[in-house]
$ cat work.cif   # mmCIF, C-alpha atoms and all ligand atoms
data_input
#
loop_
_atom_site.label_atom_id
_atom_site.label_comp_id
_atom_site.auth_asym_id
_atom_site.auth_seq_id
_atom_site.Cartn_x
_atom_site.Cartn_y
_atom_site.Cartn_z
CA MET A 17 13.03 -3.57 -4.75
CA ILE A 18 9.81 -4.60 -6.41
CA VAL A 19 7.34 -1.73 -6.22
CA ALA A 20 3.64 -2.42 -5.97
CA ASP A 21 0.55 -0.34 -5.39
CA LYS A 22 -2.61 -1.26 -3.53
CA LYS A 23 -5.59 -2.48 -5.50
CA PRO A 24 -8.86 -0.71 -4.74
CA ILE A 25 -10.83 -2.59 -2.06
CA GLU A 26 -13.82 -2.73 -4.44
CA GLU A 27 -11.77 -4.80 -6.86
CA ILE A 28 -10.62 -7.19 -4.13
CA ILE A 29 -14.21 -7.60 -2.89
CA GLU A 30 -15.23 -8.50 -6.45
CA GLU A 31 -12.47 -11.14 -6.60
CA ILE A 32 -13.40 -12.89 -3.38
CA LYS A 33 -17.09 -12.34 -2.88
CA GLU A 34 -18.01 -16.00 -3.39
CA HIS A 35 -15.73 -17.26 -0.64
CA GLU A 36 -16.37 -17.92 3.04
CA LYS A 37 -12.98 -18.46 4.65
CA ILE A 38 -10.28 -16.18 3.41
CA LEU A 39 -6.66 -15.67 4.36
CA ILE A 40 -5.09 -12.26 3.74
CA LEU A 41 -1.41 -12.95 3.21
CA GLY A 42 1.19 -10.19 3.43
CA CYS A 43 4.92 -10.13 2.78
CA ASN A 44 7.55 -8.53 4.99
CA GLU A 45 9.91 -7.46 2.22
CA CYS A 46 9.57 -5.18 -0.84
CA VAL A 47 5.82 -4.61 -0.54
CA THR A 48 6.19 -3.65 3.12
CA VAL A 49 8.69 -0.96 2.19
CA CYS A 50 6.39 0.46 -0.48
CA GLU A 51 3.49 0.30 1.98
CA ALA A 52 1.30 -1.85 -0.22
CA GLY A 53 1.45 -5.36 1.19
CA GLY A 54 3.02 -5.55 4.64
CA LYS A 55 1.55 -6.44 8.01
CA LYS A 56 -0.05 -3.05 8.39
CA GLU A 57 -1.79 -3.24 5.00
CA VAL A 58 -2.92 -6.79 5.81
CA GLY A 59 -4.53 -5.42 8.98
CA VAL A 60 -6.31 -2.60 7.19
CA LEU A 61 -7.57 -4.76 4.33
CA ALA A 62 -8.70 -7.56 6.66
CA SER A 63 -10.54 -5.17 8.94
CA ALA A 64 -12.28 -3.50 6.00
CA LEU A 65 -13.31 -6.86 4.52
CA ARG A 66 -14.60 -8.20 7.83
CA MET A 67 -16.80 -5.15 8.20
CA TYR A 68 -17.91 -5.28 4.58
CA PHE A 69 -19.13 -8.87 4.84
CA LEU A 70 -20.78 -8.34 8.24
CA ASN A 71 -22.57 -5.35 6.82
CA GLN A 72 -23.77 -7.60 3.99
CA GLY A 73 -25.13 -9.97 6.61
CA ARG A 74 -22.55 -12.61 5.77
CA ASN A 75 -20.42 -14.54 8.19
CA VAL A 76 -17.08 -14.68 6.38
CA THR A 77 -13.84 -15.57 8.16
CA ILE A 78 -11.00 -13.22 7.30
CA ASP A 79 -7.65 -14.12 8.87
CA GLU A 80 -4.33 -12.29 8.71
CA VAL A 81 -0.82 -13.65 8.22
CA THR A 82 2.33 -11.88 7.06
CA LEU A 83 5.25 -14.02 5.95
CA GLU A 84 8.89 -13.06 5.80
CA ARG A 85 8.74 -13.54 2.02
CA GLN A 86 6.38 -15.19 -0.42
CA CYS A 87 8.99 -15.95 -3.04
CA ASP A 88 10.73 -18.76 -1.14
CA HIS A 89 9.53 -22.27 -0.35
CA GLU A 90 10.52 -22.20 3.28
CA TYR A 91 8.32 -19.27 4.25
CA LEU A 92 5.34 -20.44 2.24
CA GLU A 93 5.64 -23.80 4.01
CA GLU A 94 5.00 -22.07 7.34
CA ILE A 95 1.29 -21.89 6.58
CA ARG A 96 0.87 -25.42 5.22
CA ASP A 97 -0.76 -26.65 8.45
CA ARG A 98 -3.51 -24.10 8.39
CA MET A 99 -4.23 -23.96 4.66
CA ASP A 100 -7.11 -26.46 4.89
CA GLN A 101 -9.02 -23.84 6.90
CA TYR A 102 -9.34 -21.54 3.90
CA ASP A 103 -11.21 -21.60 0.65
CA ALA A 104 -9.30 -18.61 -0.78
CA VAL A 105 -6.22 -16.49 -0.25
CA VAL A 106 -5.66 -12.83 -1.08
CA SER A 107 -1.92 -12.38 -1.43
CA ILE A 108 -0.72 -8.81 -1.16
CA ALA A 109 2.86 -9.71 -2.07
CA CYS A 110 4.06 -8.82 -5.57
CA GLY A 111 2.94 -10.93 -8.53
CA VAL A 112 5.86 -13.24 -7.87
CA GLY A 113 4.56 -14.03 -4.40
CA VAL A 114 0.99 -14.50 -5.62
CA GLN A 115 2.15 -17.00 -8.24
CA PHE A 116 4.48 -18.97 -6.01
CA MET A 117 1.70 -19.22 -3.46
CA ALA A 118 -0.68 -20.46 -6.17
CA GLU A 119 1.89 -22.99 -7.38
CA LYS A 120 2.43 -24.40 -3.93
CA TYR A 121 -1.20 -24.51 -2.89
CA HIS A 122 -2.64 -25.89 -6.06
CA ASP A 123 -6.19 -26.45 -4.81
CA THR A 124 -6.74 -23.06 -3.23
CA PRO A 125 -7.59 -20.01 -5.32
CA VAL A 126 -5.10 -17.20 -4.74
CA TYR A 127 -6.08 -13.65 -5.68
CA PRO A 128 -3.80 -10.64 -6.12
CA GLY A 129 -4.37 -7.77 -3.70
CA VAL A 130 -1.83 -5.38 -5.22
CA ASN A 131 -0.78 -4.21 -8.66
CA THR A 132 2.89 -5.02 -9.15
CA CYS A 133 4.45 -2.06 -10.91
CA PHE A 134 8.23 -2.10 -11.39
CA LEU A 135 11.74 -2.44 -9.95
CA GLY A 136 12.54 0.83 -8.32
CA VAL A 137 13.59 3.01 -5.42
CA THR A 138 11.94 4.96 -2.63
CA GLU A 139 12.75 8.56 -3.57
CA LYS A 140 10.92 9.67 -0.48
CA ARG A 141 8.04 8.27 1.51
CA GLY A 142 5.11 7.98 -0.84
CA LEU A 143 7.18 8.37 -4.02
CA TRP A 144 8.62 5.32 -5.76
CA THR A 145 10.23 5.48 -9.17
CA GLU A 146 11.45 2.94 -11.71
CA ARG A 147 15.13 2.15 -12.17
CA CYS A 148 15.53 -1.25 -13.82
CA GLN A 149 13.64 -3.52 -16.22
CA ALA A 150 15.74 -6.60 -15.55
CA CYS A 151 16.96 -6.71 -19.15
CA GLY A 152 19.37 -9.51 -18.29
CA GLN A 153 22.55 -7.83 -19.63
CA CYS A 154 23.31 -4.74 -17.65
CA ILE A 155 24.92 -1.85 -19.52
CA LEU A 156 25.19 0.61 -16.61
CA ALA A 157 29.01 0.50 -16.85
CA SER A 158 28.95 2.60 -20.00
CA THR A 159 25.99 4.85 -19.18
CA GLY A 160 27.28 6.56 -16.07
CA GLY A 161 25.24 4.28 -13.83
CA ILE A 162 21.94 5.53 -15.25
CA CYS A 163 19.76 3.04 -17.07
CA PRO A 164 18.42 4.07 -20.48
CA VAL A 165 16.52 0.79 -20.80
CA SER A 166 14.18 1.62 -17.95
CA ARG A 167 14.42 5.39 -17.88
CA CYS A 168 14.41 6.42 -21.52
CA ALA A 169 10.85 6.17 -22.83
CA LYS A 170 12.21 4.88 -26.16
CA ARG A 171 14.91 2.68 -24.67
CA LEU A 172 17.50 4.45 -26.79
CA LEU A 173 21.03 3.23 -26.23
CA ASN A 174 23.14 5.80 -28.10
CA GLY A 175 22.14 9.24 -26.95
CA PRO A 176 18.89 11.17 -26.82
CA CYS A 177 16.20 11.47 -29.46
CA GLY A 178 15.38 14.89 -30.87
CA GLY A 179 12.62 15.44 -28.35
CA SER A 180 14.76 16.01 -25.29
CA VAL A 181 13.94 19.53 -24.06
CA ARG A 182 15.82 21.25 -21.22
CA GLY A 183 16.37 17.98 -19.42
CA SER A 184 12.84 16.66 -19.84
CA CYS A 185 11.56 13.77 -21.86
CA GLU A 186 9.25 14.62 -24.74
CA ILE A 187 6.57 12.26 -23.55
CA ASN A 188 6.09 14.20 -20.31
CA LYS A 189 7.94 17.21 -18.97
CA ASP A 190 7.81 15.76 -15.45
CA ILE A 191 10.00 12.87 -16.56
CA ASP A 192 13.74 13.46 -16.73
CA CYS A 193 15.39 12.72 -20.05
CA ALA A 194 17.52 9.69 -19.19
CA TRP A 195 20.13 10.72 -21.73
CA GLN A 196 20.43 14.19 -20.25
CA LEU A 197 21.02 12.53 -16.87
CA ILE A 198 23.59 10.20 -18.40
CA ILE A 199 25.50 12.98 -20.13
CA ASP A 200 25.45 15.17 -17.01
CA ARG A 201 26.80 12.34 -14.93
CA LEU A 202 29.47 11.32 -17.44
CA LYS A 203 30.55 14.98 -17.42
CA ALA A 204 30.74 14.98 -13.62
CA LEU A 205 32.79 11.78 -13.74
CA ASP A 206 35.02 13.28 -16.42
CA ARG A 207 34.18 10.34 -18.64
CA LEU A 208 32.47 11.96 -21.58
CA ASP A 209 34.60 9.69 -23.77
CA ASP A 210 32.18 6.91 -22.80
CA TYR A 211 29.45 8.86 -24.54
CA GLU A 212 31.38 8.58 -27.81
CA LYS A 213 31.45 4.80 -27.66
CA ILE A 214 28.80 3.21 -29.80
CA CYS A 215 26.65 0.74 -27.94
CA ALA A 216 26.33 -2.20 -30.30
CA LEU A 217 23.01 -3.95 -30.85
CA LYS A 218 21.78 -5.18 -27.51
CA ASP A 219 20.85 -8.82 -27.33
CA TRP A 220 17.21 -8.60 -26.31
CA SER A 221 16.89 -12.36 -26.00
CA PHE A 222 18.09 -11.90 -22.42
CA ASP A 223 15.17 -9.53 -21.93
CA ARG A 224 11.53 -10.65 -22.15
CA ALA A 225 11.89 -11.09 -25.94
CA GLY A 226 13.50 -14.46 -25.27
CA GLY A 227 10.47 -15.73 -23.34
CA PRO A 228 10.39 -16.55 -19.63
CA ARG A 229 13.87 -16.50 -18.18
CA LYS A 230 15.86 -18.62 -15.80
CA VAL A 231 19.04 -18.24 -13.83
CA VAL A 232 20.74 -21.58 -13.33
CA ARG A 233 23.65 -21.74 -10.91
CA GLU A 234 24.93 -25.25 -10.60
CA ASP A 235 27.73 -24.09 -8.32
CA VAL A 236 25.27 -23.27 -5.57
CA GLN A 237 22.74 -26.03 -6.18
CA GLU A 238 22.50 -28.89 -3.71
CA MET B 16 -14.78 26.33 33.32
CA ARG B 17 -17.17 23.39 33.58
CA LEU B 18 -18.56 22.52 30.20
CA GLN B 19 -21.18 19.95 29.38
CA TYR B 20 -20.68 17.54 26.49
CA PRO B 21 -22.41 14.28 25.57
CA THR B 22 -21.49 11.50 27.99
CA ASP B 23 -21.37 8.68 25.46
CA ILE B 24 -18.11 9.87 23.96
CA LYS B 25 -15.09 7.91 25.02
CA ILE B 26 -11.93 9.99 25.01
CA ILE B 27 -8.67 8.27 24.14
CA LEU B 28 -5.60 10.36 24.84
CA LEU B 29 -2.71 10.31 22.40
CA PRO B 30 0.57 12.17 22.82
CA CYS B 31 -0.14 13.71 19.40
CA THR B 32 -2.71 12.91 16.70
CA GLY B 33 0.26 11.79 14.60
CA LYS B 34 0.06 8.57 16.64
CA LEU B 35 -3.36 7.83 15.16
CA ASP B 36 -3.39 5.10 12.56
CA VAL B 37 -6.02 4.01 10.03
CA LEU B 38 -6.00 0.67 11.77
CA HIS B 39 -7.02 2.25 15.12
CA ILE B 40 -9.97 3.89 13.44
CA LEU B 41 -11.07 0.73 11.61
CA HIS B 42 -10.68 -1.43 14.71
CA ALA B 43 -12.82 1.01 16.69
CA PHE B 44 -15.60 0.48 14.15
CA GLU B 45 -15.08 -3.28 14.13
CA LYS B 46 -15.53 -3.21 17.88
CA GLY B 47 -18.77 -1.33 17.50
CA ALA B 48 -18.00 2.39 17.67
CA ASP B 49 -20.71 4.43 15.95
CA GLY B 50 -18.36 7.26 15.04
CA VAL B 51 -14.76 8.32 15.55
CA TYR B 52 -13.30 11.78 15.51
CA ALA B 53 -9.79 13.00 16.06
CA VAL B 54 -9.07 16.32 17.72
CA GLY B 55 -5.62 17.71 17.04
CA CYS B 56 -3.85 21.01 17.49
CA MET B 57 -4.37 23.76 14.93
CA GLU B 58 -2.55 23.13 11.67
CA GLY B 59 0.90 24.64 12.01
CA ASP B 60 0.82 24.24 15.81
CA CYS B 61 1.54 20.53 16.22
CA HIS B 62 4.39 20.03 18.72
CA TYR B 63 5.79 17.40 16.39
CA ASN B 64 5.28 19.66 13.36
CA SER B 65 3.17 17.50 11.12
CA GLY B 66 1.40 14.99 13.37
CA ASN B 67 -1.99 16.57 12.78
CA LEU B 68 -1.44 16.75 9.02
CA ARG B 69 -0.69 13.06 8.94
CA ALA B 70 -3.70 12.38 11.15
CA ARG B 71 -5.89 14.23 8.68
CA LYS B 72 -4.65 12.00 5.85
CA ARG B 73 -5.33 8.88 7.90
CA VAL B 74 -8.79 10.09 8.77
CA GLU B 75 -9.35 10.64 5.03
CA GLN B 76 -8.16 7.11 4.28
CA ALA B 77 -10.47 5.62 6.90
CA ARG B 78 -13.32 7.72 5.57
CA HIS B 79 -12.72 6.43 2.06
CA ILE B 80 -12.59 2.81 3.24
CA LEU B 81 -15.81 3.18 5.24
CA ASP B 82 -17.50 4.66 2.19
CA VAL B 83 -16.34 1.81 -0.04
CA ILE B 84 -17.55 -0.89 2.35
CA GLY B 85 -20.89 0.83 2.83
CA MET B 86 -20.49 1.93 6.44
CA GLY B 87 -20.60 5.67 5.77
CA GLY B 88 -17.46 7.79 5.68
CA GLU B 89 -19.23 10.62 7.53
CA ARG B 90 -18.75 8.59 10.68
CA VAL B 91 -15.12 9.77 10.87
CA GLN B 92 -13.97 13.34 11.13
CA MET B 93 -10.86 15.34 11.93
CA TYR B 94 -11.02 18.56 13.95
CA ASN B 95 -8.32 21.06 14.82
CA LEU B 96 -8.47 23.42 17.76
CA SER B 97 -6.12 25.04 20.23
CA SER B 98 -5.89 23.94 23.85
CA SER B 99 -7.49 27.17 25.06
CA GLU B 100 -10.72 26.44 23.22
CA GLY B 101 -12.69 24.50 25.81
CA PRO B 102 -16.08 25.68 24.57
CA ARG B 103 -15.16 24.69 21.00
CA PHE B 104 -14.23 21.22 22.27
CA ALA B 105 -17.66 20.84 23.84
CA GLN B 106 -19.31 22.20 20.71
CA ILE B 107 -17.48 19.69 18.50
CA ALA B 108 -18.61 16.88 20.79
CA VAL B 109 -22.23 18.00 20.48
CA GLU B 110 -21.88 18.37 16.71
CA MET B 111 -20.39 14.91 16.23
CA ASP B 112 -22.88 13.33 18.64
CA GLU B 113 -25.72 14.81 16.65
CA ARG B 114 -24.29 13.76 13.32
CA ILE B 115 -23.83 10.17 14.46
CA ARG B 116 -27.30 10.00 16.00
CA ASN B 117 -28.71 11.06 12.66
CA LEU B 118 -26.72 8.37 10.88
CA GLY B 119 -27.87 5.75 13.37
CA PRO B 120 -25.84 3.03 15.06
CA ASN B 121 -22.85 1.27 13.50
CA PRO B 122 -24.48 -1.10 10.97
CA ILE B 123 -22.19 -4.02 11.77
CA LYS B 124 -23.23 -3.88 15.41
CA ARG B 125 -26.72 -4.78 14.25
CA ALA B 126 -25.38 -7.42 11.88
CA LYS B 127 -23.30 -8.99 14.68
CA HIS B 128 -26.38 -8.98 16.88
CA ARG B 129 -28.38 -10.79 14.21
CA ALA B 130 -25.61 -13.32 13.70
CA ALA B 131 -25.38 -14.08 17.44
S1 LIG C 1 7.24 -12.00 -2.56
FE1 LIG C 1 7.68 -10.23 -3.81
S2 LIG C 1 7.47 -8.57 -2.36
FE2 LIG C 1 7.76 -10.37 -1.16
S3 LIG C 1 9.99 -10.52 -0.89
FE3 LIG C 1 9.47 -11.73 -2.64
S4 LIG C 1 9.86 -10.36 -4.31
FE4 LIG C 1 9.67 -9.06 -2.52
S1 LIG C 2 20.63 -2.02 -18.16
FE1 LIG C 2 19.19 -3.69 -17.82
S2 LIG C 2 19.83 -4.70 -15.92
FE2 LIG C 2 20.93 -2.72 -16.05
S3 LIG C 2 19.62 -1.34 -14.86
FE3 LIG C 2 18.95 -1.17 -17.00
S4 LIG C 2 17.29 -2.66 -17.23
FE4 LIG C 2 18.36 -3.12 -15.33
S1 LIG C 3 0.94 17.71 19.18
FE1 LIG C 3 0.59 16.92 17.19
S2 LIG C 3 -1.52 17.33 16.92
FE2 LIG C 3 -1.14 18.22 18.88
#
$ encode --input "work.cif" --output "structure tokens"
Amino acid sequence: MIVADKKPIEEIIEEIKEHEKILILGCNECVTVCEAGGKKEVGVLASALRMYFLNQGRNVTIDEVTLERQCDHEYLEEIRDRMDQYDAVVSIACGVGVQFMAEKYHDTPVYPGVNTCFLGVTEKRGLWTERCQACGQCILASTGGICPVSRCAKRLLNGPCGGSVRGSCEINKDIDCAWQLIIDRLKALDRLDDYEKICALKDWSFDRAGGPRKVVREDVQE
Amino acid sequence: MRLQYPTDIKIILLPCTGKLDVLHILHAFEKGADGVYAVGCMEGDCHYNSGNLRARKRVEQARHILDVIGMGGERVQMYNLSSSEGPRFAQIAVEMDERIRNLGPNPIKRAKHRAA
């Protein structure tokens, strides 16, 4: 999933302080799971903002809506009828949601209420860690299912650098060395031969180096 | 044992303080509460193991939010005591009552009043 973290309320107040009628818009998917932008967080943020403005002596409307997703037309359409009531939106979906919202409601300012961080997993409640950088050409087949693109600090594709120490990465001993993990897993799978295979130059044009990306699937288009 | 404690405290019973959410605390303030405190079992004695530890974190979160929005984080507090400590319960009530009286009423209550 996409992992995000809450923005400090101070920062959100700074973004929206000029507005009078504000919609706080949550998303039921990824950001709900990482407890940054779901219905509950919408409630907390909205309540805090209502009190903040009242305390400032200002009568600001703060409404709450949480959509199923903010990255699909159909869900964003659900609020079309009420959008003329607002002069600003704080979206606490990931950056994708914020942007799609802004694209669809061209005349209404949309502000981000979270920091979108990475594609990752919930290791346990309150701990999310990165697993994928969407490089566009997945090489997990040859790396024991562990991604060196996202998990090796140097994105090395053919074994560890010289700084790998007792399983830790040289940039921080609290970070596992991705290559140690890969080798351990290949060993467990009895596929250490894979480690001997040279990974040829990766085509980074499928990654961000090629500019904004697109997936076109004519077979499923209408 | 009949103990006296301030009458303007409204007690809301929860099966365990673990049920308490930040949202409950914030909504209480939005509705005009001057202060909120949670009273849970002693740490280590929660019947659901960690309910009171979670409650403490939520109280901390609410406290932080109230500080940021200028309402005063001291208006929220977590207490732990065992069920045999009636006098301590009354003492906490007096303590909190005094603290809140010193802080004065919930500022948004006044603001709402002005707006009306
Ligand atoms: S808007 Fe972002 S957080 Fe919400 S479902 Fe789409 S990708 Fe996930
Ligand atoms: S190799 Fe690329 S697509 Fe596969 S997990 Fe790593 S970053 Fe993601
Ligand atoms: S049972 Fe959980 S705090 Fe008392």
$ closest_atom_pairs --input "work.cif" --of "chain B" --to "ligand LIG 3 (chain C)" --cutoff "12 Å" --atoms "only C-alpha atoms and all ligand atoms" --output "CSV"
residue,atom,partner,partner_atom,distance
B:Leu28,CA,C:LIG3,FE2,10.8
B:Leu29,CA,C:LIG3,FE2,8.8
B:Pro30,CA,C:LIG3,S1,6.6
B:Cys31,CA,C:LIG3,FE1,4.0
B:Thr32,CA,C:LIG3,S2,4.6
B:Gly33,CA,C:LIG3,FE1,5.8
B:Lys34,CA,C:LIG3,FE1,8.4
B:Leu35,CA,C:LIG3,S2,9.8
B:Ala53,CA,C:LIG3,S2,9.4
B:Val54,CA,C:LIG3,S2,7.7
B:Gly55,CA,C:LIG3,S2,4.1
B:Cys56,CA,C:LIG3,FE2,4.1
B:Met57,CA,C:LIG3,S2,7.3
B:Glu58,CA,C:LIG3,S2,7.9
B:Gly59,CA,C:LIG3,S2,9.1
B:Asp60,CA,C:LIG3,FE2,7.0
B:Cys61,CA,C:LIG3,FE1,3.9
B:His62,CA,C:LIG3,S1,4.2
B:Tyr63,CA,C:LIG3,FE1,5.3
B:Asn64,CA,C:LIG3,FE1,6.6
B:Ser65,CA,C:LIG3,FE1,6.6
B:Gly66,CA,C:LIG3,FE1,4.4
B:Asn67,CA,C:LIG3,S2,4.2
B:Leu68,CA,C:LIG3,S2,7.9
B:Arg69,CA,C:LIG3,S2,9.1
B:Ala70,CA,C:LIG3,S2,7.9
B:Arg71,CA,C:LIG3,S2,9.8
B:Met93,CA,C:LIG3,S2,10.8
B:Tyr94,CA,C:LIG3,S2,10.0
B:Asn95,CA,C:LIG3,S2,8.0
B:Leu96,CA,C:LIG3,FE2,9.1
B:Ser97,CA,C:LIG3,FE2,8.6
B:Ser98,CA,C:LIG3,FE2,8.9
$ atom_distance --input "work.cif" --atom1 "atom CA of Leu118 of chain B" --atom2 "atom CA of Ile78 of chain A"
26.9 Å
$ interface_residues --input "work.cif" --of "chain B" --to "chain A" --cutoff "6 Å" --atoms "all atoms listed in the file" --output "number ranges by chain"
B: 38, 84, 123, 126
$ atom_distance --input "work.cif" --atom1 "atom CA of Leu208 of chain A" --atom2 "atom CA of Phe222 of chain A"
27.9 Å
$ residues_near_ligand --input "work.cif" --ligand "ligand LIG 1 (chain C)" --cutoff "9 Å" --atoms "all atoms listed in the file" --output "list of chain:residue names"
A:Met17, A:Ile18, A:Val19, A:Ala20, A:Gly42, A:Cys43, A:Asn44, A:Glu45, A:Cys46, A:Val47, A:Thr48, A:Val49, A:Gly53, A:Gly54, A:Leu83, A:Glu84, A:Arg85, A:Gln86, A:Cys87, A:Asp88, A:Ile108, A:Ala109, A:Cys110, A:Gly111, A:Val112, A:Gly113, A:Val114, A:Phe116, A:Thr132
$ write_last_selection --input "work.cif" --atoms "C-alpha atoms" --output "PDB file, in the coordinates of the input"
ATOM      1  CA  MET A  17      13.030  -3.570  -4.750  1.00  0.00           C
ATOM      2  CA  ILE A  18       9.810  -4.600  -6.410  1.00  0.00           C
ATOM      3  CA  VAL A  19       7.340  -1.730  -6.220  1.00  0.00           C
ATOM      4  CA  ALA A  20       3.640  -2.420  -5.970  1.00  0.00           C
ATOM      5  CA  GLY A  42       1.190 -10.190   3.430  1.00  0.00           C
ATOM      6  CA  CYS A  43       4.920 -10.130   2.780  1.00  0.00           C
ATOM      7  CA  ASN A  44       7.550  -8.530   4.990  1.00  0.00           C
ATOM      8  CA  GLU A  45       9.910  -7.460   2.220  1.00  0.00           C
ATOM      9  CA  CYS A  46       9.570  -5.180  -0.840  1.00  0.00           C
ATOM     10  CA  VAL A  47       5.820  -4.610  -0.540  1.00  0.00           C
ATOM     11  CA  THR A  48       6.190  -3.650   3.120  1.00  0.00           C
ATOM     12  CA  VAL A  49       8.690  -0.960   2.190  1.00  0.00           C
ATOM     13  CA  GLY A  53       1.450  -5.360   1.190  1.00  0.00           C
ATOM     14  CA  GLY A  54       3.020  -5.550   4.640  1.00  0.00           C
ATOM     15  CA  LEU A  83       5.250 -14.020   5.950  1.00  0.00           C
ATOM     16  CA  GLU A  84       8.890 -13.060   5.800  1.00  0.00           C
ATOM     17  CA  ARG A  85       8.740 -13.540   2.020  1.00  0.00           C
ATOM     18  CA  GLN A  86       6.380 -15.190  -0.420  1.00  0.00           C
ATOM     19  CA  CYS A  87       8.990 -15.950  -3.040  1.00  0.00           C
ATOM     20  CA  ASP A  88      10.730 -18.760  -1.140  1.00  0.00           C
ATOM     21  CA  ILE A 108      -0.720  -8.810  -1.160  1.00  0.00           C
ATOM     22  CA  ALA A 109       2.860  -9.710  -2.070  1.00  0.00           C
ATOM     23  CA  CYS A 110       4.060  -8.820  -5.570  1.00  0.00           C
ATOM     24  CA  GLY A 111       2.940 -10.930  -8.530  1.00  0.00           C
ATOM     25  CA  VAL A 112       5.860 -13.240  -7.870  1.00  0.00           C
ATOM     26  CA  GLY A 113       4.560 -14.030  -4.400  1.00  0.00           C
ATOM     27  CA  VAL A 114       0.990 -14.500  -5.620  1.00  0.00           C
ATOM     28  CA  PHE A 116       4.480 -18.970  -6.010  1.00  0.00           C
ATOM     29  CA  THR A 132       2.890  -5.020  -9.150  1.00  0.00           C
TER      30      THR A 132
END
$ atom_distance --input "work.cif" --atom1 "atom CA of Ser107 of chain A" --atom2 "atom CA of Thr82 of chain A"
9.5 Å
$ residues_near_ligand --input "work.cif" --ligand "ligand LIG 2 (chain C)" --cutoff "9 Å" --atoms "all atoms listed in the file" --output "PDB file with C-alpha atoms, keeping the file's coordinate frame"
ATOM      1  CA  LEU A 135      11.740  -2.440  -9.950  1.00  0.00           C
ATOM      2  CA  ARG A 147      15.130   2.150 -12.170  1.00  0.00           C
ATOM      3  CA  CYS A 148      15.530  -1.250 -13.820  1.00  0.00           C
ATOM      4  CA  GLN A 149      13.640  -3.520 -16.220  1.00  0.00           C
ATOM      5  CA  ALA A 150      15.740  -6.600 -15.550  1.00  0.00           C
ATOM      6  CA  CYS A 151      16.960  -6.710 -19.150  1.00  0.00           C
ATOM      7  CA  GLY A 152      19.370  -9.510 -18.290  1.00  0.00           C
ATOM      8  CA  GLN A 153      22.550  -7.830 -19.630  1.00  0.00           C
ATOM      9  CA  CYS A 154      23.310  -4.740 -17.650  1.00  0.00           C
ATOM     10  CA  ILE A 155      24.920  -1.850 -19.520  1.00  0.00           C
ATOM     11  CA  LEU A 156      25.190   0.610 -16.610  1.00  0.00           C
ATOM     12  CA  ALA A 157      29.010   0.500 -16.850  1.00  0.00           C
ATOM     13  CA  THR A 159      25.990   4.850 -19.180  1.00  0.00           C
ATOM     14  CA  GLY A 161      25.240   4.280 -13.830  1.00  0.00           C
ATOM     15  CA  ILE A 162      21.940   5.530 -15.250  1.00  0.00           C
ATOM     16  CA  CYS A 163      19.760   3.040 -17.070  1.00  0.00           C
ATOM     17  CA  PRO A 164      18.420   4.070 -20.480  1.00  0.00           C
ATOM     18  CA  VAL A 165      16.520   0.790 -20.800  1.00  0.00           C
ATOM     19  CA  SER A 166      14.180   1.620 -17.950  1.00  0.00           C
ATOM     20  CA  ARG A 167      14.420   5.390 -17.880  1.00  0.00           C
ATOM     21  CA  ASP A 223      15.170  -9.530 -21.930  1.00  0.00           C
TER      22      ASP A 223
END
$ residues_around --input "work.cif" --residues "Ile214 of chain A" --least-positions-apart "2" --cutoff "12 Å" --atoms "all atoms listed in the file" --output "list of chain:residue names"
A:Ser158, A:Thr159, A:Leu172, A:Leu173, A:Asn174, A:Gly175, A:Asp209, A:Asp210, A:Tyr211, A:Glu212, A:Ala216, A:Leu217, A:Lys218
$ closest_residue --input "work.cif" --among "A:Ile198, A:Ile191, A:Ala225, A:Ala204" --to "Pro176 of chain A" --atoms "only C-alpha atoms"
A:Ile198
$ residues_around --input "work.cif" --residues "Ile107 of chain B" --least-positions-apart "3" --cutoff "10 Å" --atoms "all atoms listed in the file" --output "number ranges by chain"
B: 20, 52, 54, 94-96, 101-104, 110-113
$ closest_residue --input "work.cif" --among "B:Gly119, B:His128, B:Leu81, B:Gln106" --to "His42 of chain B" --atoms "only C-alpha atoms"
B:Leu81
$ closest_residue --input "work.cif" --among "B:Ala105, B:Asp49, B:Ser99, B:Asn117" --to "Met86 of chain B" --atoms "only C-alpha atoms"
B:Asp49
$ axis_aligned_box --input "work.cif" --around "segment 105-113 of chain B" --padding-each-side "4 Å" --output "AutoDock Vina command-line options"
--center_x -21.6 --center_y 17.8 --center_z 20.0 --size_x 16.2 --size_y 16.9 --size_z 15.6
$ closest_residue --input "work.cif" --among "A:Lys189, A:Cys133, A:Lys33, A:Cys168" --to "Thr145 of chain A" --atoms "all atoms listed in the file"
A:Cys133
$ closest_residue --input "work.cif" --among "B:Pro21, B:Arg73, B:Arg78, B:Leu41" --to "Arg116 of chain B" --atoms "only C-alpha atoms"
B:Pro21
$ decode --input "work.cif" --residues "segment 47-51 of chain A" --atoms "N, CA and C atoms" --output "short mmCIF file (atom, residue, chain, number, x, y, z; two decimals), in the first residue's frame"
data_model
loop_
_atom_site.label_atom_id
_atom_site.label_comp_id
_atom_site.auth_asym_id
_atom_site.auth_seq_id
_atom_site.Cartn_x
_atom_site.Cartn_y
_atom_site.Cartn_z
N VAL A 47 -4.42 4.98 3.20
CA VAL A 47 -4.15 5.91 4.31
C VAL A 47 -4.99 5.63 5.55
N THR A 48 -6.05 4.83 5.37
CA THR A 48 -6.81 4.40 6.56
C THR A 48 -6.00 3.34 7.29
N VAL A 49 -5.41 2.43 6.51
CA VAL A 49 -4.63 1.35 7.10
C VAL A 49 -3.40 1.90 7.84
N CYS A 50 -2.78 2.93 7.28
CA CYS A 50 -1.61 3.47 7.99
C CYS A 50 -2.00 4.60 8.94
N GLU A 51 -3.30 4.69 9.22
CA GLU A 51 -3.81 5.58 10.28
C GLU A 51 -3.38 7.04 10.11
#
